[in-house]
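Okay, structure first, notes after.
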Amino acid sequence: MSEEKKEQEAVENTEEELEQNINEAEAEAEAEAVENEFDLLQTELTELKDKYARVHADFDNIKKRLEREKYTAVEYSNEKFAKDMIPVMDALDGAMKSADGDADKAELFDKLKEGIELTHKSFLTQLEKHGVTLVAHDEPFDPNIHNAVQAIDSEDVESGQIVQTFQTGYKYKSRPLREAMVIVAN
């Protein structure tokens, strides 16, 4: 029996070795699968980090470009207004040149007056083109756009109405630039 026992022990040992080898092979296969999955995840993480860095760099570049464009827009925002003022300056230059002529004083005065009126009209037209308007004088007193410097009794004008304007007021769109200085009826 001892041979049978030895054989049985050998078979059992072989089975145990075989089972152990199978377990080791399975463990190695599982470790290799985990390692492959780890490598894939590592590669995906590297790609995502690279993508994040590129997106972040793009965002920074866009932000810098928009900042430059905003600065340029603010820097040159009055360019159109300035261009529209050039004809007004030309009209004033023409008026000054006409004053140098050898015409008589009455004719010179009439020419200068006409030139100033045309320049004034041109200037108001350009201001209106850019949203600057005169504060109306023929409407009821409004403390948001009028500054009452005096109140007087008037038989011709109702109470709260503007009697006279000392200084013209101006608005930019709906915002007052300068209040009109007025006399108001009691």
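Here's how to read the names in the structure tokens: chain A, B, ... by the order shown, residue numbers from 1 in each chain, ligand numbers from 1 in the order shown.
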Give me, as JSON lines, each residue of region 123-172 of chain A that comes within 12 Å of region 84-107 of chain A, together with its shortest interatomic pair and the distance in Å at one decimal, counting only C-alpha atoms, with rows ordered by chain and rising residue number.
{"residue": "A:Phe123", "atom": "CA", "partner": "A:Val88", "partner_atom": "CA", "distance": 6.0}
{"residue": "A:Leu124", "atom": "CA", "partner": "A:Val88", "partner_atom": "CA", "distance": 9.7}
{"residue": "A:Thr125", "atom": "CA", "partner": "A:Asp84", "partner_atom": "CA", "distance": 9.7}
{"residue": "A:Gln126", "atom": "CA", "partner": "A:Asp84", "partner_atom": "CA", "distance": 6.3}
{"residue": "A:Leu127", "atom": "CA", "partner": "A:Asp84", "partner_atom": "CA", "distance": 8.8}
{"residue": "A:Glu128", "atom": "CA", "partner": "A:Asp84", "partner_atom": "CA", "distance": 11.1}
{"residue": "A:Lys129", "atom": "CA", "partner": "A:Asp84", "partner_atom": "CA", "distance": 9.0}
{"residue": "A:His130", "atom": "CA", "partner": "A:Asp84", "partner_atom": "CA", "distance": 9.2}
Original post:
Looking only at the backbone, which of the residues in region 131-163 of chain A does DSSP tag as strand (DSSP E or B), as a ChimeraX atom specification?
Top reply: /A:132-134,140,146-152,161-163
For the residues in the current selection, export C-alpha atoms as an mmCIF file, in the first residue's frame.
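Resulting contents of part.cif:
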data_model
loop_
_atom_site.group_PDB
_atom_site.id
_atom_site.type_symbol
_atom_site.label_atom_id
_atom_site.label_comp_id
_atom_site.auth_asym_id
_atom_site.auth_seq_id
_atom_site.Cartn_x
_atom_site.Cartn_y
_atom_site.Cartn_z
ATOM 1 C CA VAL A 132 -26.443 114.702 -29.141
ATOM 2 C CA THR A 133 -29.597 116.844 -29.146
ATOM 3 C CA LEU A 134 -30.658 120.183 -27.720
ATOM 4 C CA PRO A 140 -42.719 122.186 -19.056
ATOM 5 C CA HIS A 146 -33.422 122.009 -16.771
ATOM 6 C CA ASN A 147 -31.738 124.078 -14.091
ATOM 7 C CA ALA A 148 -34.024 126.862 -12.852
ATOM 8 C CA VAL A 149 -31.815 129.825 -12.045
ATOM 9 C CA GLN A 150 -34.750 132.154 -11.397
ATOM 10 C CA ALA A 151 -38.548 132.075 -10.991
ATOM 11 C CA ILE A 152 -40.631 135.049 -12.071
ATOM 12 C CA GLN A 161 -43.362 126.674 -17.932
ATOM 13 C CA ILE A 162 -40.027 128.015 -19.141
ATOM 14 C CA VAL A 163 -40.036 131.784 -19.683
#
**OP:** Please identify all polymer residues within 9 Å of Asp153 (chain A), counting only C-alpha atoms, omitting same-chain residues fewer than 5 positions from it, and present them as number ranges by chain.
**Re:** A: 159, 184-186
Could the residues in this selection be saved with all heavy atoms as a PDB file, in the first residue's frame?
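Final output, selection.pdb:
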ATOM      1  N   SER A 159     -47.736 128.709 -15.049  1.00  0.00           N
ATOM      2  CA  SER A 159     -46.825 128.329 -13.967  1.00  0.00           C
ATOM      3  C   SER A 159     -46.156 126.999 -14.307  1.00  0.00           C
ATOM      4  O   SER A 159     -46.793 126.071 -14.786  1.00  0.00           O
ATOM      5  CB  SER A 159     -47.609 128.205 -12.653  1.00  0.00           C
ATOM      6  OG  SER A 159     -46.742 127.798 -11.626  1.00  0.00           O
ATOM      7  N   VAL A 184     -38.100 130.179 -14.893  1.00  0.00           N
ATOM      8  CA  VAL A 184     -39.377 129.476 -14.875  1.00  0.00           C
ATOM      9  C   VAL A 184     -40.457 130.411 -14.355  1.00  0.00           C
ATOM     10  O   VAL A 184     -40.215 131.255 -13.476  1.00  0.00           O
ATOM     11  CB  VAL A 184     -39.278 128.223 -13.962  1.00  0.00           C
ATOM     12  CG1 VAL A 184     -40.599 127.484 -13.890  1.00  0.00           C
ATOM     13  CG2 VAL A 184     -38.185 127.307 -14.447  1.00  0.00           C
ATOM     14  N   ALA A 185     -41.670 130.256 -14.878  1.00  0.00           N
ATOM     15  CA  ALA A 185     -42.816 131.065 -14.406  1.00  0.00           C
ATOM     16  C   ALA A 185     -43.342 130.491 -13.099  1.00  0.00           C
ATOM     17  O   ALA A 185     -43.412 129.278 -12.931  1.00  0.00           O
ATOM     18  CB  ALA A 185     -43.910 131.054 -15.469  1.00  0.00           C
ATOM     19  N   ASN A 186     -43.736 131.417 -12.193  1.00  0.00           N
ATOM     20  CA  ASN A 186     -44.342 130.988 -10.911  1.00  0.00           C
ATOM     21  C   ASN A 186     -45.739 130.493 -11.132  1.00  0.00           C
ATOM     22  O   ASN A 186     -46.511 130.878 -11.903  1.00  0.00           O
ATOM     23  CB  ASN A 186     -44.363 132.141  -9.911  1.00  0.00           C
ATOM     24  CG  ASN A 186     -43.005 132.314  -9.276  1.00  0.00           C
ATOM     25  OD1 ASN A 186     -42.211 131.404  -9.219  1.00  0.00           O
ATOM     26  ND2 ASN A 186     -42.739 133.527  -8.837  1.00  0.00           N
TER      27      ASN A 186
END
Taking the backbone alone, and naming residues the way the document does, which bits of chain A are helix (DSSP H, G or I) by DSSP, as a short mmCIF file (atom, residue, chain, number, x, y, z; two decimals) with N, CA, C and O atoms, in the first residue's frame?
data_model
loop_
_atom_site.label_atom_id
_atom_site.label_comp_id
_atom_site.auth_asym_id
_atom_site.auth_seq_id
_atom_site.Cartn_x
_atom_site.Cartn_y
_atom_site.Cartn_z
N SER A 2 1.86 1.15 0.36
CA SER A 2 2.64 2.33 0.43
C SER A 2 2.94 2.88 -0.96
O SER A 2 3.04 4.07 -1.13
N GLU A 3 2.98 1.96 -1.93
CA GLU A 3 3.16 2.44 -3.28
C GLU A 3 1.90 3.14 -3.77
O GLU A 3 1.96 4.11 -4.49
N GLU A 4 0.78 2.55 -3.43
CA GLU A 4 -0.48 3.19 -3.79
C GLU A 4 -0.60 4.55 -3.13
O GLU A 4 -1.10 5.50 -3.73
N LYS A 5 -0.19 4.59 -1.91
CA LYS A 5 -0.25 5.85 -1.18
C LYS A 5 0.69 6.85 -1.82
O LYS A 5 0.33 8.03 -1.98
N LYS A 6 1.82 6.38 -2.23
CA LYS A 6 2.77 7.28 -2.86
C LYS A 6 2.22 7.76 -4.20
O LYS A 6 2.37 8.92 -4.56
N GLU A 7 1.59 6.82 -4.92
CA GLU A 7 1.00 7.21 -6.19
C GLU A 7 -0.12 8.21 -5.98
O GLU A 7 -0.28 9.17 -6.74
N GLN A 8 -0.94 7.89 -4.97
CA GLN A 8 -2.06 8.81 -4.69
C GLN A 8 -1.53 10.16 -4.24
O GLN A 8 -2.05 11.20 -4.65
N GLU A 9 -0.50 10.18 -3.45
CA GLU A 9 0.10 11.43 -3.02
C GLU A 9 0.71 12.17 -4.21
O GLU A 9 0.59 13.39 -4.34
N ALA A 10 1.30 11.43 -5.14
CA ALA A 10 1.89 12.02 -6.33
C ALA A 10 0.79 12.63 -7.20
O ALA A 10 0.94 13.72 -7.76
N VAL A 11 -0.33 11.90 -7.31
CA VAL A 11 -1.45 12.41 -8.10
C VAL A 11 -2.01 13.66 -7.43
O VAL A 11 -2.31 14.64 -8.08
N GLU A 12 -2.16 13.57 -6.12
CA GLU A 12 -2.68 14.73 -5.38
C GLU A 12 -1.73 15.91 -5.51
O GLU A 12 -2.17 17.05 -5.71
N ASN A 13 -0.43 15.64 -5.40
CA ASN A 13 0.56 16.71 -5.56
C ASN A 13 0.50 17.29 -6.98
O ASN A 13 0.59 18.50 -7.17
N THR A 14 0.33 16.41 -7.96
CA THR A 14 0.25 16.85 -9.33
C THR A 14 -1.01 17.69 -9.52
O THR A 14 -0.98 18.73 -10.19
N GLU A 15 -2.11 17.20 -8.94
CA GLU A 15 -3.36 17.98 -9.04
C GLU A 15 -3.20 19.35 -8.36
O GLU A 15 -3.66 20.36 -8.87
N GLU A 16 -2.56 19.32 -7.18
CA GLU A 16 -2.35 20.58 -6.46
C GLU A 16 -1.44 21.51 -7.26
O GLU A 16 -1.68 22.72 -7.37
N GLU A 17 -0.37 20.94 -7.86
CA GLU A 17 0.54 21.75 -8.67
C GLU A 17 -0.19 22.29 -9.90
O GLU A 17 -0.02 23.45 -10.29
N LEU A 18 -1.00 21.39 -10.51
CA LEU A 18 -1.76 21.80 -11.68
C LEU A 18 -2.74 22.91 -11.31
O LEU A 18 -2.87 23.92 -12.03
N GLU A 19 -3.44 22.72 -10.19
CA GLU A 19 -4.39 23.75 -9.73
C GLU A 19 -3.65 25.03 -9.39
O GLU A 19 -4.10 26.14 -9.71
N GLN A 20 -2.50 24.90 -8.76
CA GLN A 20 -1.69 26.07 -8.42
C GLN A 20 -1.21 26.77 -9.69
O GLN A 20 -1.23 28.00 -9.77
N ASN A 21 -0.78 26.01 -10.68
CA ASN A 21 -0.33 26.58 -11.96
C ASN A 21 -1.49 27.30 -12.66
O ASN A 21 -1.31 28.37 -13.23
N ILE A 22 -2.68 26.66 -12.60
CA ILE A 22 -3.86 27.29 -13.20
C ILE A 22 -4.17 28.60 -12.48
O ILE A 22 -4.42 29.62 -13.11
N ASN A 23 -4.15 28.56 -11.14
CA ASN A 23 -4.40 29.79 -10.36
C ASN A 23 -3.36 30.86 -10.66
O ASN A 23 -3.70 32.04 -10.78
N GLU A 24 -2.11 30.45 -10.79
CA GLU A 24 -1.06 31.41 -11.10
C GLU A 24 -1.27 32.00 -12.51
O GLU A 24 -1.09 33.19 -12.72
N ALA A 25 -1.64 31.13 -13.45
CA ALA A 25 -1.88 31.59 -14.83
C ALA A 25 -3.06 32.55 -14.86
O ALA A 25 -3.02 33.58 -15.55
N GLU A 26 -4.11 32.19 -14.09
CA GLU A 26 -5.27 33.09 -14.03
C GLU A 26 -4.89 34.42 -13.39
O GLU A 26 -5.30 35.50 -13.84
N ALA A 27 -4.10 34.35 -12.31
CA ALA A 27 -3.66 35.56 -11.63
C ALA A 27 -2.79 36.41 -12.56
O ALA A 27 -2.91 37.64 -12.61
N GLU A 28 -1.89 35.73 -13.32
CA GLU A 28 -1.05 36.46 -14.26
C GLU A 28 -1.90 37.10 -15.36
O GLU A 28 -1.67 38.25 -15.74
N ALA A 29 -2.89 36.35 -15.86
CA ALA A 29 -3.76 36.89 -16.90
C ALA A 29 -4.56 38.07 -16.36
O ALA A 29 -4.72 39.09 -17.05
N GLU A 30 -5.07 37.92 -15.14
CA GLU A 30 -5.82 39.02 -14.53
C GLU A 30 -4.91 40.22 -14.28
O GLU A 30 -5.29 41.37 -14.55
N ALA A 31 -3.70 40.00 -13.82
CA ALA A 31 -2.74 41.08 -13.58
C ALA A 31 -2.39 41.77 -14.90
O ALA A 31 -2.30 43.00 -14.98
N GLU A 32 -2.25 40.95 -15.97
CA GLU A 32 -1.94 41.52 -17.27
C GLU A 32 -3.12 42.35 -17.78
O GLU A 32 -2.94 43.44 -18.34
N ALA A 33 -4.34 41.87 -17.56
CA ALA A 33 -5.54 42.61 -17.98
C ALA A 33 -5.64 43.93 -17.21
O ALA A 33 -5.94 44.98 -17.78
N VAL A 34 -5.38 43.86 -15.90
CA VAL A 34 -5.41 45.08 -15.08
C VAL A 34 -4.31 46.03 -15.54
O VAL A 34 -4.53 47.25 -15.65
N GLU A 35 -3.14 45.49 -15.85
CA GLU A 35 -2.04 46.33 -16.31
C GLU A 35 -2.38 46.97 -17.66
O GLU A 35 -2.11 48.16 -17.88
N ASN A 36 -3.00 46.20 -18.57
CA ASN A 36 -3.41 46.75 -19.86
C ASN A 36 -4.46 47.86 -19.66
O ASN A 36 -4.39 48.90 -20.31
N GLU A 37 -5.43 47.59 -18.79
CA GLU A 37 -6.46 48.60 -18.51
C GLU A 37 -5.82 49.84 -17.88
O GLU A 37 -6.17 50.97 -18.23
N PHE A 38 -4.86 49.64 -16.99
CA PHE A 38 -4.14 50.76 -16.37
C PHE A 38 -3.41 51.57 -17.44
O PHE A 38 -3.48 52.81 -17.45
N ASP A 39 -2.74 50.88 -18.37
CA ASP A 39 -2.03 51.57 -19.45
C ASP A 39 -3.00 52.36 -20.33
O ASP A 39 -2.71 53.50 -20.71
N LEU A 40 -4.17 51.75 -20.63
CA LEU A 40 -5.18 52.46 -21.43
C LEU A 40 -5.67 53.71 -20.70
O LEU A 40 -5.80 54.78 -21.29
N LEU A 41 -5.95 53.55 -19.40
CA LEU A 41 -6.41 54.69 -18.61
C LEU A 41 -5.32 55.76 -18.50
O LEU A 41 -5.62 56.96 -18.54
N GLN A 42 -4.09 55.31 -18.37
CA GLN A 42 -2.96 56.25 -18.30
C GLN A 42 -2.85 57.02 -19.60
O GLN A 42 -2.66 58.25 -19.60
N THR A 43 -3.00 56.34 -20.73
CA THR A 43 -2.94 56.98 -22.05
C THR A 43 -4.09 57.97 -22.20
O THR A 43 -3.91 59.10 -22.66
N GLU A 44 -5.30 57.53 -21.79
CA GLU A 44 -6.48 58.41 -21.88
C GLU A 44 -6.30 59.64 -21.00
O GLU A 44 -6.63 60.76 -21.41
N LEU A 45 -5.73 59.46 -19.81
CA LEU A 45 -5.48 60.59 -18.91
C LEU A 45 -4.49 61.56 -19.53
O LEU A 45 -4.69 62.78 -19.50
N THR A 46 -3.45 61.05 -20.14
CA THR A 46 -2.45 61.89 -20.80
C THR A 46 -3.10 62.68 -21.94
O THR A 46 -2.86 63.88 -22.09
N GLU A 47 -3.94 62.01 -22.73
CA GLU A 47 -4.63 62.69 -23.83
C GLU A 47 -5.57 63.78 -23.30
O GLU A 47 -5.64 64.87 -23.87
N LEU A 48 -6.29 63.47 -22.24
CA LEU A 48 -7.21 64.46 -21.66
C LEU A 48 -6.46 65.65 -21.07
O LEU A 48 -6.90 66.79 -21.20
N LYS A 49 -5.32 65.38 -20.45
CA LYS A 49 -4.51 66.49 -19.92
C LYS A 49 -4.01 67.37 -21.06
O LYS A 49 -4.03 68.59 -20.95
N ASP A 50 -3.59 66.74 -22.16
CA ASP A 50 -3.13 67.49 -23.33
C ASP A 50 -4.27 68.31 -23.91
O ASP A 50 -4.11 69.49 -24.24
N LYS A 51 -5.44 67.69 -24.03
CA LYS A 51 -6.62 68.39 -24.56
C LYS A 51 -6.98 69.57 -23.66
O LYS A 51 -7.28 70.66 -24.13
N TYR A 52 -6.95 69.36 -22.35
CA TYR A 52 -7.24 70.44 -21.39
C TYR A 52 -6.24 71.58 -21.56
O TYR A 52 -6.63 72.75 -21.59
N ALA A 53 -4.97 71.24 -21.68
CA ALA A 53 -3.95 72.28 -21.84
C ALA A 53 -4.18 73.08 -23.12
O ALA A 53 -4.06 74.31 -23.13
N ARG A 54 -4.56 72.40 -24.20
CA ARG A 54 -4.83 73.10 -25.47
C ARG A 54 -6.05 74.00 -25.36
O ARG A 54 -6.04 75.14 -25.82
N VAL A 55 -7.11 73.48 -24.76
CA VAL A 55 -8.34 74.27 -24.60
C VAL A 55 -8.06 75.48 -23.71
O VAL A 55 -8.51 76.59 -24.00
N HIS A 56 -7.32 75.27 -22.66
CA HIS A 56 -6.97 76.37 -21.75
C HIS A 56 -6.13 77.42 -22.49
O HIS A 56 -6.35 78.63 -22.33
N ALA A 57 -5.19 76.98 -23.28
CA ALA A 57 -4.35 77.90 -24.06
C ALA A 57 -5.21 78.66 -25.07
O ALA A 57 -5.04 79.87 -25.24
N ASP A 58 -6.13 77.95 -25.73
CA ASP A 58 -7.04 78.61 -26.68
C ASP A 58 -7.88 79.66 -25.96
O ASP A 58 -8.07 80.76 -26.47
N PHE A 59 -8.38 79.31 -24.79
CA PHE A 59 -9.19 80.25 -24.01
C PHE A 59 -8.38 81.49 -23.66
O PHE A 59 -8.85 82.62 -23.80
N ASP A 60 -7.15 81.29 -23.21
CA ASP A 60 -6.29 82.43 -22.87
C ASP A 60 -6.02 83.30 -24.10
O ASP A 60 -6.04 84.53 -24.02
N ASN A 61 -5.78 82.67 -25.24
CA ASN A 61 -5.53 83.42 -26.47
C ASN A 61 -6.76 84.22 -26.88
O ASN A 61 -6.65 85.39 -27.27
N ILE A 62 -7.94 83.62 -26.79
CA ILE A 62 -9.18 84.33 -27.12
C ILE A 62 -9.39 85.48 -26.17
O ILE A 62 -9.76 86.59 -26.58
N LYS A 63 -9.14 85.24 -24.90
CA LYS A 63 -9.31 86.29 -23.89
C LYS A 63 -8.38 87.47 -24.18
O LYS A 63 -8.80 88.63 -24.13
N LYS A 64 -7.13 87.18 -24.50
CA LYS A 64 -6.16 88.23 -24.82
C LYS A 64 -6.56 88.98 -26.09
O LYS A 64 -6.46 90.21 -26.15
N ARG A 65 -7.03 88.25 -27.10
CA ARG A 65 -7.44 88.88 -28.35
C ARG A 65 -8.64 89.80 -28.12
O ARG A 65 -8.69 90.92 -28.60
N LEU A 66 -9.63 89.31 -27.34
CA LEU A 66 -10.80 90.15 -27.04
C LEU A 66 -10.41 91.38 -26.25
O LEU A 66 -10.97 92.47 -26.46
N GLU A 67 -9.47 91.23 -25.36
CA GLU A 67 -8.99 92.38 -24.57
C GLU A 67 -8.33 93.41 -25.49
O GLU A 67 -8.56 94.61 -25.35
N ARG A 68 -7.52 92.95 -26.47
CA ARG A 68 -6.90 93.86 -27.43
C ARG A 68 -7.95 94.54 -28.29
O ARG A 68 -7.88 95.75 -28.54
N GLU A 69 -8.94 93.76 -28.75
CA GLU A 69 -10.01 94.33 -29.58
C GLU A 69 -10.82 95.36 -28.80
O GLU A 69 -11.20 96.39 -29.35
N LYS A 70 -11.08 95.07 -27.53
CA LYS A 70 -11.83 96.01 -26.69
C LYS A 70 -11.02 97.29 -26.51
O LYS A 70 -11.56 98.39 -26.64
N TYR A 71 -9.74 97.16 -26.25
CA TYR A 71 -8.88 98.33 -26.09
C TYR A 71 -8.87 99.16 -27.37
O TYR A 71 -9.00 100.39 -27.32
N THR A 72 -8.75 98.49 -28.52
CA THR A 72 -8.74 99.19 -29.80
C THR A 72 -10.07 99.88 -30.05
O THR A 72 -10.10 101.02 -30.52
N ALA A 73 -11.17 99.20 -29.75
CA ALA A 73 -12.50 99.79 -29.95
C ALA A 73 -12.67 101.04 -29.10
O ALA A 73 -13.19 102.05 -29.56
N VAL A 74 -12.22 100.97 -27.84
CA VAL A 74 -12.33 102.13 -26.96
C VAL A 74 -11.40 103.24 -27.43
O VAL A 74 -11.77 104.41 -27.46
N GLU A 75 -10.20 102.85 -27.83
CA GLU A 75 -9.19 103.82 -28.26
C GLU A 75 -9.67 104.62 -29.47
O GLU A 75 -9.44 105.82 -29.57
N GLU A 79 -13.46 108.09 -33.42
CA GLU A 79 -12.92 108.36 -34.75
C GLU A 79 -14.00 108.88 -35.71
O GLU A 79 -13.79 109.87 -36.41
N LYS A 80 -15.17 108.25 -35.73
CA LYS A 80 -16.25 108.68 -36.63
C LYS A 80 -16.69 110.10 -36.26
O LYS A 80 -16.91 110.93 -37.14
N PHE A 81 -16.83 110.36 -34.97
CA PHE A 81 -17.22 111.70 -34.51
C PHE A 81 -16.18 112.72 -34.96
O PHE A 81 -16.52 113.79 -35.47
N ALA A 82 -14.91 112.38 -34.78
CA ALA A 82 -13.83 113.30 -35.18
C ALA A 82 -13.86 113.56 -36.68
O ALA A 82 -13.71 114.71 -37.11
N LYS A 83 -14.08 112.51 -37.47
CA LYS A 83 -14.17 112.70 -38.92
C LYS A 83 -15.33 113.61 -39.29
O LYS A 83 -15.23 114.41 -40.21
N ASP A 84 -16.45 113.47 -38.57
CA ASP A 84 -17.62 114.30 -38.86
C ASP A 84 -17.43 115.76 -38.43
O ASP A 84 -18.15 116.64 -38.89
N MET A 85 -16.47 116.02 -37.58
CA MET A 85 -16.20 117.40 -37.15
C MET A 85 -15.28 118.14 -38.13
O MET A 85 -15.19 119.36 -38.10
N ILE A 86 -14.61 117.43 -39.00
CA ILE A 86 -13.69 118.05 -39.95
C ILE A 86 -14.39 119.06 -40.85
O ILE A 86 -13.88 120.18 -41.03
N PRO A 87 -15.58 118.75 -41.41
CA PRO A 87 -16.25 119.78 -42.22
C PRO A 87 -16.62 121.04 -41.42
O PRO A 87 -16.60 122.15 -41.96
N VAL A 88 -16.90 120.87 -40.15
CA VAL A 88 -17.19 122.04 -39.31
C VAL A 88 -15.94 122.90 -39.19
O VAL A 88 -16.00 124.13 -39.30
N MET A 89 -14.81 122.25 -38.99
CA MET A 89 -13.54 123.00 -38.92
C MET A 89 -13.23 123.67 -40.26
O MET A 89 -12.76 124.81 -40.28
N ASP A 90 -13.53 122.99 -41.35
CA ASP A 90 -13.32 123.59 -42.67
C ASP A 90 -14.17 124.85 -42.82
O ASP A 90 -13.70 125.86 -43.36
N ALA A 91 -15.42 124.78 -42.36
CA ALA A 91 -16.30 125.94 -42.45
C ALA A 91 -15.76 127.09 -41.61
O ALA A 91 -15.80 128.26 -42.02
N LEU A 92 -15.26 126.80 -40.43
CA LEU A 92 -14.67 127.85 -39.58
C LEU A 92 -13.41 128.43 -40.24
O LEU A 92 -13.20 129.65 -40.20
N ASP A 93 -12.59 127.59 -40.82
CA ASP A 93 -11.40 128.08 -41.54
C ASP A 93 -11.80 129.01 -42.68
O ASP A 93 -11.19 130.06 -42.89
N GLY A 94 -12.85 128.62 -43.41
CA GLY A 94 -13.33 129.46 -44.51
C GLY A 94 -13.83 130.80 -44.00
O GLY A 94 -13.58 131.84 -44.63
N ALA A 95 -14.52 130.79 -42.87
CA ALA A 95 -15.02 132.05 -42.30
C ALA A 95 -13.85 132.95 -41.90
O ALA A 95 -13.89 134.17 -42.12
N MET A 96 -12.82 132.38 -41.30
CA MET A 96 -11.67 133.19 -40.90
C MET A 96 -10.93 133.75 -42.11
O MET A 96 -10.46 134.88 -42.09
N LYS A 97 -10.83 132.97 -43.19
CA LYS A 97 -10.16 133.46 -44.40
C LYS A 97 -10.94 134.58 -45.05
O LYS A 97 -10.37 135.52 -45.58
N SER A 98 -12.28 134.47 -45.00
CA SER A 98 -13.09 135.52 -45.61
C SER A 98 -12.97 136.83 -44.84
O SER A 98 -13.18 137.91 -45.40
N ALA A 99 -12.62 136.76 -43.57
CA ALA A 99 -12.45 137.98 -42.77
C ALA A 99 -11.21 138.75 -43.18
O ALA A 99 -11.09 139.94 -42.90
N LYS A 105 -16.85 146.79 -44.35
CA LYS A 105 -17.20 146.19 -43.07
C LYS A 105 -18.61 145.61 -43.05
O LYS A 105 -18.84 144.55 -42.47
N ALA A 106 -19.59 146.25 -43.64
CA ALA A 106 -20.96 145.76 -43.63
C ALA A 106 -21.06 144.44 -44.41
O ALA A 106 -21.68 143.48 -43.96
N GLU A 107 -20.40 144.40 -45.57
CA GLU A 107 -20.42 143.18 -46.38
C GLU A 107 -19.67 142.06 -45.66
O GLU A 107 -20.11 140.91 -45.63
N LEU A 108 -18.55 142.38 -45.05
CA LEU A 108 -17.75 141.42 -44.30
C LEU A 108 -18.55 140.86 -43.12
O LEU A 108 -18.56 139.66 -42.88
N PHE A 109 -19.23 141.76 -42.43
CA PHE A 109 -20.06 141.33 -41.29
C PHE A 109 -21.14 140.36 -41.76
O PHE A 109 -21.37 139.33 -41.14
N ASP A 110 -21.80 140.67 -42.86
CA ASP A 110 -22.86 139.80 -43.38
C ASP A 110 -22.31 138.43 -43.76
O ASP A 110 -22.92 137.39 -43.48
N LYS A 111 -21.14 138.42 -44.40
CA LYS A 111 -20.53 137.15 -44.79
C LYS A 111 -20.14 136.32 -43.57
O LYS A 111 -20.34 135.11 -43.53
N LEU A 112 -19.54 137.00 -42.58
CA LEU A 112 -19.16 136.29 -41.36
C LEU A 112 -20.38 135.74 -40.63
O LEU A 112 -20.38 134.60 -40.16
N LYS A 113 -21.43 136.56 -40.56
CA LYS A 113 -22.65 136.11 -39.90
C LYS A 113 -23.23 134.89 -40.63
O LYS A 113 -23.60 133.90 -39.99
N GLU A 114 -23.29 134.95 -41.94
CA GLU A 114 -23.80 133.82 -42.72
C GLU A 114 -22.92 132.59 -42.53
O GLU A 114 -23.41 131.47 -42.35
N GLY A 115 -21.60 132.77 -42.52
CA GLY A 115 -20.67 131.66 -42.32
C GLY A 115 -20.83 131.04 -40.95
O GLY A 115 -20.81 129.82 -40.80
N ILE A 116 -21.00 131.88 -39.94
CA ILE A 116 -21.18 131.37 -38.57
C ILE A 116 -22.50 130.60 -38.47
O ILE A 116 -22.56 129.53 -37.85
N GLU A 117 -23.55 131.12 -39.08
CA GLU A 117 -24.84 130.43 -39.05
C GLU A 117 -24.76 129.07 -39.74
O GLU A 117 -25.28 128.07 -39.23
N LEU A 118 -24.10 129.01 -40.88
CA LEU A 118 -23.94 127.74 -41.59
C LEU A 118 -23.08 126.76 -40.79
O LEU A 118 -23.37 125.56 -40.73
N THR A 119 -22.04 127.28 -40.17
CA THR A 119 -21.17 126.43 -39.34
C THR A 119 -21.95 125.90 -38.15
O THR A 119 -21.84 124.72 -37.80
N HIS A 120 -22.73 126.76 -37.52
CA HIS A 120 -23.55 126.36 -36.38
C HIS A 120 -24.52 125.26 -36.79
O HIS A 120 -24.67 124.25 -36.09
N LYS A 121 -25.18 125.44 -37.92
CA LYS A 121 -26.13 124.45 -38.42
C LYS A 121 -25.41 123.13 -38.71
O LYS A 121 -25.90 122.05 -38.36
N SER A 122 -24.25 123.20 -39.35
CA SER A 122 -23.47 122.00 -39.65
C SER A 122 -23.05 121.28 -38.37
O SER A 122 -23.12 120.06 -38.28
N PHE A 123 -22.63 122.07 -37.40
CA PHE A 123 -22.19 121.50 -36.12
C PHE A 123 -23.35 120.79 -35.42
O PHE A 123 -23.20 119.65 -34.95
N LEU A 124 -24.53 121.42 -35.39
CA LEU A 124 -25.70 120.79 -34.77
C LEU A 124 -26.11 119.51 -35.51
O LEU A 124 -26.47 118.50 -34.88
N THR A 125 -26.01 119.55 -36.83
CA THR A 125 -26.34 118.37 -37.63
C THR A 125 -25.42 117.20 -37.28
O THR A 125 -25.87 116.07 -37.11
N GLN A 126 -24.12 117.50 -37.17
CA GLN A 126 -23.16 116.44 -36.83
C GLN A 126 -23.39 115.93 -35.40
O GLN A 126 -23.28 114.73 -35.15
N LEU A 127 -23.69 116.82 -34.48
CA LEU A 127 -23.97 116.38 -33.11
C LEU A 127 -25.20 115.47 -33.08
O LEU A 127 -25.20 114.42 -32.44
N GLU A 128 -26.27 115.87 -33.79
CA GLU A 128 -27.48 115.07 -33.83
C GLU A 128 -27.22 113.71 -34.47
O GLU A 128 -27.79 112.70 -34.05
N LYS A 129 -26.36 113.68 -35.46
CA LYS A 129 -25.99 112.43 -36.12
C LYS A 129 -25.38 111.44 -35.12
O LYS A 129 -25.53 110.24 -35.25
#
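Between CA of Val157 (chain A) and CA of Pro143 (chain A) lies a distance of 18.0 Å.
Between CA of Ser174 (chain A) and CA of Asn78 (chain A) there is a distance of 19.0 Å.
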